[in-house]
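structure.cif follows; it contains mmCIF, C-alpha atoms.
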```cif
data_upload
#
loop_
_atom_site.label_atom_id
_atom_site.label_comp_id
_atom_site.auth_asym_id
_atom_site.auth_seq_id
_atom_site.Cartn_x
_atom_site.Cartn_y
_atom_site.Cartn_z
CA MET A 1 2.02 -2.41 -6.14
CA SER A 2 3.33 -0.26 -8.98
CA ALA A 3 5.81 2.48 -8.08
CA PRO A 4 4.30 5.99 -7.99
CA ALA A 5 5.13 8.10 -11.02
CA ILE A 6 7.78 10.76 -10.37
CA ARG A 7 6.77 13.66 -12.56
CA GLY A 8 10.01 15.64 -12.13
CA TRP A 9 8.30 19.00 -12.42
CA CYS A 10 6.10 21.22 -10.29
CA PRO A 11 2.72 22.56 -11.35
CA GLY A 12 2.38 26.26 -12.00
CA ALA A 13 -0.40 28.64 -12.88
CA HIS A 14 0.16 28.39 -16.65
CA ARG A 15 1.06 24.70 -16.42
CA PRO A 16 -1.39 23.04 -14.02
CA MET A 17 -1.23 19.42 -12.97
CA VAL A 18 -4.13 17.03 -13.53
CA SER A 19 -5.32 15.40 -10.34
CA GLY A 20 -8.26 13.28 -9.26
CA ASP A 21 -10.34 16.35 -8.39
CA GLY A 22 -9.47 18.47 -11.41
CA LEU A 23 -6.56 20.77 -12.25
CA VAL A 24 -4.10 21.82 -9.55
CA VAL A 25 -3.00 25.43 -10.16
CA ARG A 26 0.00 26.67 -8.21
CA VAL A 27 0.25 30.35 -7.23
CA ARG A 28 3.65 31.81 -6.36
CA PRO A 29 3.16 35.01 -4.32
CA PRO A 30 6.02 37.48 -4.89
CA MET A 31 8.36 37.41 -1.87
CA GLY A 32 6.05 34.76 -0.41
CA GLU A 33 3.65 37.48 0.66
CA LEU A 34 -0.02 38.25 0.01
CA THR A 35 -1.67 41.58 0.64
CA THR A 36 -5.03 41.34 2.38
CA ALA A 37 -6.73 42.28 -0.91
CA GLN A 38 -4.86 39.52 -2.76
CA ALA A 39 -5.84 36.99 -0.08
CA ARG A 40 -9.52 37.90 -0.41
CA GLY A 41 -9.30 37.78 -4.20
CA LEU A 42 -7.60 34.37 -4.10
CA ALA A 43 -10.32 33.02 -1.80
CA ALA A 44 -12.99 34.22 -4.24
CA ALA A 45 -11.12 32.72 -7.22
CA SER A 46 -10.85 29.37 -5.44
CA GLN A 47 -14.61 29.25 -5.01
CA ARG A 48 -15.44 30.53 -8.47
CA PHE A 49 -13.02 28.49 -10.57
CA GLY A 50 -12.08 25.56 -8.29
CA ASN A 51 -13.58 23.34 -5.63
CA GLY A 52 -12.76 25.72 -2.79
CA LEU A 53 -9.72 23.81 -1.48
CA ILE A 54 -6.40 25.67 -1.19
CA ASP A 55 -3.20 23.76 -0.42
CA LEU A 56 -0.15 25.25 1.27
CA THR A 57 3.06 23.79 -0.18
CA ASN A 58 6.53 23.22 1.20
CA ARG A 59 7.83 25.79 -1.30
CA ALA A 60 5.82 28.62 0.31
CA ASN A 61 3.26 28.57 -2.52
CA LEU A 62 -0.49 28.00 -2.65
CA GLN A 63 -2.38 25.57 -4.86
CA LEU A 64 -5.97 25.95 -5.99
CA ARG A 65 -7.59 22.55 -6.46
CA GLY A 66 -10.48 21.31 -8.57
CA VAL A 67 -10.08 23.86 -11.36
CA THR A 68 -11.92 22.87 -14.55
CA GLU A 69 -10.47 23.10 -18.04
CA ALA A 70 -13.05 25.75 -18.89
CA GLY A 71 -12.25 27.72 -15.75
CA HIS A 72 -8.48 27.71 -16.17
CA GLY A 73 -8.29 30.64 -18.61
CA PRO A 74 -10.59 32.91 -16.57
CA LEU A 75 -8.64 31.95 -13.44
CA LEU A 76 -5.41 33.12 -15.06
CA ASP A 77 -7.09 36.44 -15.86
CA ALA A 78 -8.16 36.77 -12.22
CA LEU A 79 -4.65 35.97 -10.96
CA ALA A 80 -3.18 38.55 -13.33
CA GLU A 81 -5.58 41.21 -12.01
CA LEU A 82 -4.46 40.35 -8.48
CA GLY A 83 -0.79 40.73 -9.40
CA LEU A 84 -0.14 37.02 -8.80
CA LEU A 85 0.81 35.88 -12.29
CA ASP A 86 3.77 36.28 -14.60
CA ALA A 87 2.64 36.78 -18.18
CA ASP A 88 5.43 34.49 -19.43
CA PRO A 89 4.98 30.83 -18.37
CA GLN A 90 8.73 30.17 -18.56
CA ILE A 91 9.53 33.08 -16.24
CA GLU A 92 6.81 32.02 -13.81
CA GLY A 93 8.37 28.57 -13.59
CA ARG A 94 11.79 29.99 -12.76
CA ARG A 95 10.54 32.26 -9.96
CA ASN A 96 11.18 29.56 -7.39
CA ILE A 97 12.41 31.62 -4.44
CA VAL A 98 11.69 31.06 -0.74
CA VAL A 99 12.29 34.06 1.53
CA ASP A 100 12.60 34.01 5.32
CA PRO A 101 9.03 34.74 6.46
CA PHE A 102 10.26 35.96 9.86
CA ARG A 103 12.44 38.71 8.43
CA ASP A 104 12.25 41.64 10.84
CA ARG A 105 12.35 45.36 10.16
CA GLU A 106 16.14 45.37 10.17
CA THR A 107 16.49 42.63 7.55
CA ASP A 108 13.18 42.93 5.67
CA ASN A 109 14.40 45.55 3.21
CA ILE A 110 17.60 43.65 2.52
CA GLN A 111 16.04 40.21 2.08
CA SER A 112 13.06 41.48 0.09
CA ARG A 113 15.36 43.49 -2.16
CA ILE A 114 17.56 40.42 -2.69
CA ALA A 115 14.55 38.28 -3.62
CA ALA A 116 13.10 40.90 -5.97
CA THR A 117 16.44 41.49 -7.72
CA LEU A 118 17.03 37.75 -7.99
CA ALA A 119 13.58 37.21 -9.53
CA GLU A 120 14.30 39.95 -12.05
CA GLY A 121 17.67 38.41 -12.94
CA LEU A 122 16.14 34.98 -13.48
CA ARG A 123 13.94 36.41 -16.22
CA ALA A 124 16.94 36.30 -18.59
CA PRO A 125 16.64 33.62 -21.32
CA GLU A 126 19.98 32.09 -20.30
CA PHE A 127 18.30 30.63 -17.19
CA GLU A 128 15.53 28.89 -19.14
CA PRO A 129 17.29 25.48 -18.82
CA LEU A 130 17.01 25.49 -15.01
CA PRO A 131 14.79 22.61 -13.83
CA SER A 132 11.40 23.54 -12.43
CA LYS A 133 12.35 22.10 -9.05
CA PHE A 134 15.60 24.10 -8.90
CA GLY A 135 15.13 26.69 -6.17
CA PHE A 136 16.70 29.60 -4.34
CA VAL A 137 16.54 30.33 -0.60
CA VAL A 138 16.98 33.80 0.91
CA ASP A 139 17.63 33.29 4.62
CA ALA A 140 19.91 36.12 5.71
CA GLY A 141 18.82 36.77 9.29
CA ALA A 142 20.77 36.38 12.52
CA ASN A 143 19.43 32.81 12.73
CA ARG A 144 18.50 30.65 9.78
CA HIS A 145 14.85 29.64 9.64
CA LEU A 146 15.03 27.85 6.28
CA ALA A 147 17.94 25.48 6.85
CA GLU A 148 15.73 22.41 6.37
CA VAL A 149 13.86 23.85 3.38
CA SER A 150 14.79 22.48 -0.03
CA GLY A 151 16.91 24.88 -2.06
CA ASP A 152 19.82 24.66 -4.50
CA ILE A 153 21.38 28.09 -4.08
CA ARG A 154 21.23 29.84 -0.71
CA ILE A 155 21.81 33.48 0.15
CA GLU A 156 22.49 33.56 3.88
CA ALA A 157 24.44 35.54 6.44
CA CYS A 158 27.65 34.92 8.32
CA GLY A 159 27.63 37.43 11.12
CA ALA A 160 26.89 40.75 9.43
CA CYS A 161 28.21 39.51 6.08
CA LEU A 162 26.13 38.03 3.26
CA ILE A 163 27.23 34.71 1.77
CA VAL A 164 26.13 32.66 -1.22
CA ARG A 165 26.24 28.90 -0.67
CA ALA A 166 25.65 25.98 -2.99
CA ASP A 167 23.42 23.32 -1.46
CA GLY A 168 25.72 20.44 -0.54
CA TYR A 169 28.54 22.71 0.59
CA GLU A 170 28.85 23.66 4.27
CA ALA A 171 30.38 27.08 3.57
CA GLY A 172 29.70 29.89 1.13
CA ARG A 173 31.39 32.80 -0.59
CA ALA A 174 31.13 36.21 1.05
CA SER A 175 29.66 39.24 -0.68
CA PRO A 176 30.07 42.86 0.41
CA ASP A 177 26.45 43.79 -0.31
CA ALA A 178 23.04 42.61 -1.54
CA PRO A 179 23.64 43.31 -5.26
CA GLY A 180 26.89 41.37 -5.06
CA ALA A 181 25.13 38.43 -3.42
CA VAL A 182 22.52 38.31 -6.19
CA ALA A 183 25.25 38.47 -8.84
CA LEU A 184 27.06 35.56 -7.17
CA ALA A 185 23.85 33.52 -6.99
CA LEU A 186 23.17 34.06 -10.69
CA ASP A 187 26.77 33.16 -11.53
CA LEU A 188 26.34 29.95 -9.55
CA ALA A 189 23.19 29.15 -11.53
CA ARG A 190 25.09 29.79 -14.78
CA TRP A 191 27.83 27.41 -13.64
CA PHE A 192 25.27 24.73 -12.76
CA ILE A 193 23.86 24.88 -16.29
CA ALA A 194 27.23 25.09 -18.05
CA SER A 195 28.78 22.25 -16.02
CA GLY A 196 26.08 19.75 -16.94
CA GLY A 197 23.87 20.01 -13.87
CA VAL A 198 20.75 19.64 -16.01
CA GLY A 199 20.20 16.13 -17.31
CA GLN A 200 18.78 15.15 -20.67
CA ASP A 201 15.42 14.70 -18.95
CA GLY A 202 15.49 18.34 -17.81
CA ARG A 203 15.99 17.45 -14.16
CA GLY A 204 18.83 18.29 -11.83
CA ARG A 205 19.63 19.45 -8.31
CA MET A 206 22.74 21.21 -7.01
CA ALA A 207 23.58 18.84 -4.12
CA ARG A 208 23.26 15.79 -6.37
CA HIS A 209 25.45 17.45 -9.01
CA LEU A 210 28.18 18.18 -6.48
CA ALA A 211 27.94 14.74 -4.91
CA ALA A 212 28.53 13.22 -8.36
CA GLY A 213 32.02 14.69 -8.35
CA ARG A 214 31.71 18.24 -9.64
CA SER A 215 33.63 20.91 -7.74
CA LEU A 216 32.81 24.59 -7.64
CA PRO A 217 35.29 26.94 -9.31
CA ASP A 218 37.40 29.04 -6.96
CA ASP A 219 35.45 32.24 -7.68
CA LEU A 220 32.19 30.61 -6.51
CA ALA A 221 33.47 28.56 -3.56
CA GLY A 222 34.01 30.07 -0.12
CA ASP A 223 34.93 29.30 3.46
CA ARG A 224 32.32 31.31 5.39
CA PRO A 225 29.84 29.17 7.36
CA PRO A 226 26.24 30.42 7.62
CA ASN A 227 24.66 31.73 10.80
CA PRO A 228 23.24 29.23 13.32
CA THR A 229 19.97 27.44 12.69
CA ALA A 230 16.87 28.62 14.56
CA PRO A 231 14.63 26.08 16.34
CA ALA A 232 11.93 24.48 14.22
CA PRO A 233 8.89 26.80 14.04
CA ARG A 234 5.73 25.91 15.92
CA ALA A 235 2.26 27.35 15.58
CA GLY A 236 1.31 30.16 17.94
CA ALA A 237 2.79 33.43 19.10
CA VAL A 238 6.31 33.99 17.78
CA PRO A 239 8.55 37.07 17.86
CA GLY A 240 6.96 39.63 15.57
CA GLY A 241 3.54 38.09 15.11
CA LEU A 242 1.37 34.99 15.00
CA LEU A 243 2.15 31.76 13.16
CA VAL A 244 -1.02 29.96 12.07
CA ALA A 245 -0.98 26.34 10.96
CA ALA A 246 -3.59 24.81 8.68
CA ALA A 247 -4.82 21.32 9.47
CA PHE A 248 -3.18 19.02 6.88
CA GLY A 249 -1.87 22.11 5.09
CA GLN A 250 -5.21 22.92 3.49
CA LEU A 251 -7.40 26.04 3.69
CA ARG A 252 -10.97 26.78 2.74
CA PRO A 253 -11.87 30.15 1.19
CA SER A 254 -13.47 31.19 4.49
CA ASP A 255 -10.19 30.43 6.30
CA LEU A 256 -8.22 32.64 3.93
CA ARG A 257 -10.74 35.45 4.35
CA GLU A 258 -10.50 35.16 8.14
CA LEU A 259 -6.72 35.39 7.95
CA ALA A 260 -6.98 38.45 5.71
CA GLU A 261 -9.40 40.07 8.13
CA ALA A 262 -7.05 39.45 11.06
CA ALA A 263 -3.79 40.45 9.36
CA PRO A 264 -2.54 43.91 10.37
CA SER A 265 -0.62 44.25 7.11
CA ALA A 266 0.11 41.14 5.03
CA LEU A 267 0.07 37.35 5.03
CA ARG A 268 3.41 35.60 4.62
CA ILE A 269 3.20 32.09 3.21
CA THR A 270 5.76 29.80 4.83
CA PRO A 271 7.30 26.51 3.61
CA TRP A 272 5.97 24.71 6.71
CA ARG A 273 2.33 24.83 5.54
CA MET A 274 1.71 27.67 7.96
CA ILE A 275 0.94 31.36 7.48
CA PHE A 276 2.74 34.10 9.40
CA LEU A 277 0.79 37.23 10.27
CA PRO A 278 3.42 39.86 11.16
CA GLY A 279 2.33 42.38 13.77
CA LEU A 280 -0.61 40.33 15.09
CA GLU A 281 -0.44 40.09 18.88
CA ASP A 282 -3.69 38.25 19.69
CA ALA A 283 -2.48 34.67 20.18
CA ASN A 284 -5.99 33.48 21.08
CA LEU A 285 -7.71 34.77 17.97
CA PHE A 286 -8.26 31.34 16.40
CA ASP A 287 -8.81 29.28 19.53
CA ASN A 288 -10.96 26.20 18.91
CA HIS A 289 -10.98 26.82 15.17
CA GLU A 290 -11.63 23.72 13.07
CA THR A 291 -8.92 24.41 10.49
CA LEU A 292 -6.67 27.23 11.71
CA LEU A 293 -4.36 26.07 14.50
CA THR A 294 -2.41 28.30 16.90
CA ASP A 295 -1.98 25.92 19.84
CA PRO A 296 1.49 24.33 19.48
CA SER A 297 0.30 21.35 21.52
CA ASP A 298 -2.56 20.55 19.12
CA PRO A 299 -1.77 17.12 17.66
CA LEU A 300 -3.11 18.19 14.25
CA SER A 301 -0.18 20.58 13.97
CA ARG A 302 2.16 17.55 14.13
CA ILE A 303 0.37 15.48 11.50
CA HIS A 304 1.13 15.51 7.77
CA ALA A 305 -1.39 14.05 5.36
CA CYS A 306 -1.50 14.43 1.60
CA THR A 307 -4.67 14.75 -0.46
CA GLY A 308 -4.92 10.97 -0.74
CA ALA A 309 -7.54 9.05 -2.68
CA PRO A 310 -9.65 9.87 -4.58
CA GLY A 311 -8.27 13.42 -4.99
CA CYS A 312 -4.84 12.20 -6.10
CA PRO A 313 -4.78 9.58 -8.87
CA GLN A 314 -1.54 8.06 -7.51
CA ALA A 315 -2.81 7.62 -3.95
CA GLU A 316 -3.74 4.07 -2.98
CA ALA A 317 -5.75 4.91 0.14
CA GLU A 318 -7.70 7.70 1.79
CA THR A 319 -5.48 9.69 4.14
CA ARG A 320 -7.05 12.63 5.93
CA PRO A 321 -10.03 10.92 7.58
CA LEU A 322 -7.59 8.40 9.09
CA ALA A 323 -5.13 11.12 10.12
CA ARG A 324 -7.86 13.06 11.94
CA ALA A 325 -9.10 9.87 13.64
CA LEU A 326 -5.59 9.09 14.91
CA ALA A 327 -4.89 12.61 16.21
CA ALA A 328 -6.26 12.01 19.69
CA ASP A 329 -3.92 9.04 20.24
CA LEU A 330 -0.76 10.75 18.98
CA PRO A 331 1.79 10.86 21.82
CA GLU A 332 3.00 14.28 22.97
CA ASN A 333 5.70 15.72 20.66
CA ALA A 334 5.42 12.75 18.27
CA THR A 335 4.93 13.33 14.54
CA LEU A 336 2.70 11.35 12.19
CA HIS A 337 2.66 11.22 8.40
CA VAL A 338 -0.18 9.55 6.51
CA SER A 339 0.86 9.27 2.85
CA GLY A 340 -1.31 8.01 0.03
CA CYS A 341 1.72 6.50 -1.71
CA ALA A 342 5.48 6.11 -1.31
CA LYS A 343 6.31 9.53 -2.81
CA GLY A 344 5.57 11.35 0.44
CA CYS A 345 4.64 14.66 -1.21
CA ALA A 346 3.14 16.16 1.96
CA HIS A 347 6.29 15.56 3.98
CA PRO A 348 9.35 14.29 2.07
CA SER A 349 11.25 13.54 5.26
CA ARG A 350 11.17 11.32 8.33
CA SER A 351 8.43 11.18 10.96
CA ASP A 352 8.12 9.20 14.17
CA VAL A 353 5.29 7.22 12.58
CA THR A 354 4.64 7.05 8.84
CA LEU A 355 1.70 5.22 7.26
CA VAL A 356 1.97 4.54 3.53
CA GLY A 357 -1.11 3.66 1.48
CA ARG A 358 -0.88 0.45 -0.51
CA ASP A 359 -3.84 -1.22 -2.23
CA GLY A 360 -6.33 0.32 0.18
CA ARG A 361 -4.31 -0.64 3.26
CA PHE A 362 -1.25 0.83 4.98
CA ASP A 363 2.37 -0.06 5.60
CA LEU A 364 3.86 1.17 8.89
CA VAL A 365 7.28 2.86 8.98
CA ARG A 366 8.80 3.91 12.29
CA ASP A 367 11.23 6.82 12.51
CA GLY A 368 11.48 7.06 8.77
CA ALA A 369 10.11 8.34 5.46
CA PRO A 370 7.45 6.83 3.16
CA TRP A 371 10.04 5.17 0.94
CA ASP A 372 11.82 3.43 3.85
CA ASP A 373 11.30 -0.24 4.73
CA PRO A 374 8.14 -0.78 6.79
CA VAL A 375 8.02 -2.78 10.01
CA ARG A 376 4.48 -3.96 9.19
CA ARG A 377 2.57 -4.24 5.93
CA GLY A 378 -1.04 -4.41 4.83
CA ILE A 379 -2.68 -2.92 7.94
CA THR A 380 -6.31 -1.88 7.62
CA ALA A 381 -7.52 1.50 8.85
CA ARG A 382 -9.54 -0.25 11.57
CA GLN A 383 -6.41 -1.96 12.88
CA LEU A 384 -4.70 1.40 13.30
CA THR A 385 -6.65 2.40 16.39
CA ASP A 386 -3.46 2.65 18.46
CA ILE A 387 -0.42 3.70 16.47
CA THR A 388 1.81 3.48 19.54
CA ASP A 389 1.61 -0.32 19.56
CA GLY A 390 4.48 -2.23 18.01
#
```
Please go through the file and, once you have read it, give me the structure as structure tokens.
Amino acid sequence: MSAPAIRGWCPGAHRPMVSGDGLVVRVRPPMGELTTAQARGLAAASQRFGNGLIDLTNRANLQLRGVTEAGHGPLLDALAELGLLDADPQIEGRRNIVVDPFRDRETDNIQSRIAATLAEGLRAPEFEPLPSKFGFVVDAGANRHLAEVSGDIRIEACGACLIVRADGYEAGRASPDAPGAVALALDLARWFIASGGVGQDGRGRMARHLAAGRSLPDDLAGDRPPNPTAPAPRAGAVPGGLLVAAAFGQLRPSDLRELAEAAPSALRITPWRMIFLPGLEDANLFDNHETLLTDPSDPLSRIHACTGAPGCPQAEAETRPLARALAADLPENATLHVSGCAKGCAHPSRSDVTLVGRDGRFDLVRDGAPWDDPVRRGITARQLTDITDG
């Protein structure tokens, strides 16, 4: 089996990625939020210019699949009309910011203002060298919801104080206010570039750079630990609204329209392949829905499955039909990941059970990630009728 190709960059709207079902066009909603009008417009664009499949990503973005070469230009025009596109492709690629979707009234203005100011600052040409995977996390609530979300520079809180923390460091530097925190974050990005954090191949991540022996300068290092981590989010009623999961992280246009119809104000895209509807109190609204999940005990909410073959050219097996077939046998609270290859794009982390596609069959990894050593190899889909067996 040949190793899957690591592209080292993320698709965008201007720079789509070619997949087995056409172009994959990534949409980065400002502040991770869609208005109801934008959600309806995005659903229509997915049908008109793509194949009607919309992926939720672990960077709180959406991806329209199956876009044709001829439809790409008109799609960009539609996204611009919706206010979901930066005119400059370079700036769009740098607007890689994840904001706490559960920000409440007390912290919403602060965190949204931080994210907006940060996005504006990143427009400067000096930040053009930043890798496309280099990201910022704004998680400045009383409890951190994004601690496990990938990010290189983090703006968090320590008590009532804001801190800026480099990924890989356990503590951050305090800032007296939001503008100061943004300035510190941009200074940290400047240091990353100037200190050789970006390799000749254009790649680079903060934690890897620090682990290689680089030390932060005194004016960017700090000793303030961030606030405690909140429990992992689960679909259903949560403080402030309703958290809706999408089976396998994928929506249909009708699903997005239903969410827009139900949302009291806006739709917040989360990095857990779920959508938060702030202010919605009806926890039973999507009961028995085929795609939208609000029951935290539903096994589909604990299953990760990538596009798989034939939609992804690197996948070596179909994934989602198998994942759905195995859902009924998934033990309570257990997690399952069905990955088309060893990259593990849908869930780049450990699961209780991971199945990795290889030459049309699957390798079984227990309590690990797709790239870990399997305990069994070459299992057919038919042999996977009981994933709890050794």
Using only C-alpha atoms, which residue out of A:Gln250, A:Asp282, A:Pro74, A:Leu277 lies closest to Ser265 in chain A? A:Leu277
Atomic distance CA of Leu336 in chain A - CA of Glu316 in chain A, expressed in Å with one decimal: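 Interatomic distance here is 18.0 Å.
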Which residues match the PyMOL selection byres ((chain A and resi 30) around 12) in the file above, as number ranges by chain? A: 27-29, 31-35, 38, 60-62, 82-86, 92, 95-99, 112-113, 115-120, 267-269
Could you check how far CA of Glu318 in chain A sits from CA of Lys343 in chain A, in Å to one decimal?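 Taking CA of Glu318 in chain A and CA of Lys343 in chain A, their separation equals 14.9 Å.
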Within 6 Å of range 366-383 of chain A, counting all atoms listed in the file, which residues qualify if same-chain residues fewer than 3 places away don't, as an MDAnalysis selection string? chainID A and resid 342 344 349:353 356 361:363
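As for CA of Arg154 in chain A and CA of Phe136 in chain A, they are spaced 5.8 Å apart.
Comparing A:Glu128, A:Asp201, A:Asp55, A:Asp255 by their smallest distance to Arg26 in chain A, the closest is A:Asp55 (using only C-alpha atoms).
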Could you list, as a PyMOL selection string, every residue within 12 Å of Ala189 in chain A, counting only C-alpha atoms and ignoring same-chain residues fewer than 6 positions away? chain A and resi 94+118+121-122+124+126-131+134-136+152-154+164-167+182-183+195-198+204-206+216+220
Give the answer as one residue: which of A:Asp139, A:Asp223, A:Glu332, A:Glu258 has the shortest atom-to-atom distance to Tyr169 in chain A, using only C-alpha atoms? A:Asp223
Can I get the residues of range 182-289 of chain A within 12 Å of range 307-310 of chain A, each with the closest pair of atoms and their distance in Å to one decimal, using only C-alpha atoms, sorted chain first then ascending number, as a tab-separated table?
```
residue	atom	partner	partner_atom	distance
A:Ala247	CA	A:Thr307	CA	11.9
A:Phe248	CA	A:Thr307	CA	8.6
A:Gly249	CA	A:Thr307	CA	9.6
A:Gln250	CA	A:Thr307	CA	9.1
```
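When the PyMOL selection byres ((chain A and resi 227) around 7) is evaluated against the file, it yields Ala142, Asn143, Arg144, Ala157, Cys158, Gly159, Pro225, Pro226, Pro228 and Thr229 of chain A.
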Care to translate the PyMOL selection byres ((chain A and resi 262) around 10) into actual residues of this file, as JSON, numbers by chain? {"A": [36, 256, 257, 258, 259, 260, 261, 263, 264, 265, 266, 267, 277, 280, 282, 285, 286]}
Give me the residues near Thr68 in chain A as a PyMOL selection string, where near means some atom within 12 Å (using only C-alpha atoms) and where sequence neighbours in that chain fewer than 3 positions away do not count. chain A and resi 16-25+46-51+64-65+71-75
Counting all atoms listed in the file, the residue of A:Ser150, A:Thr294, A:Ser254, A:Thr270 that sits nearest Leu242 in chain A: A:Thr294
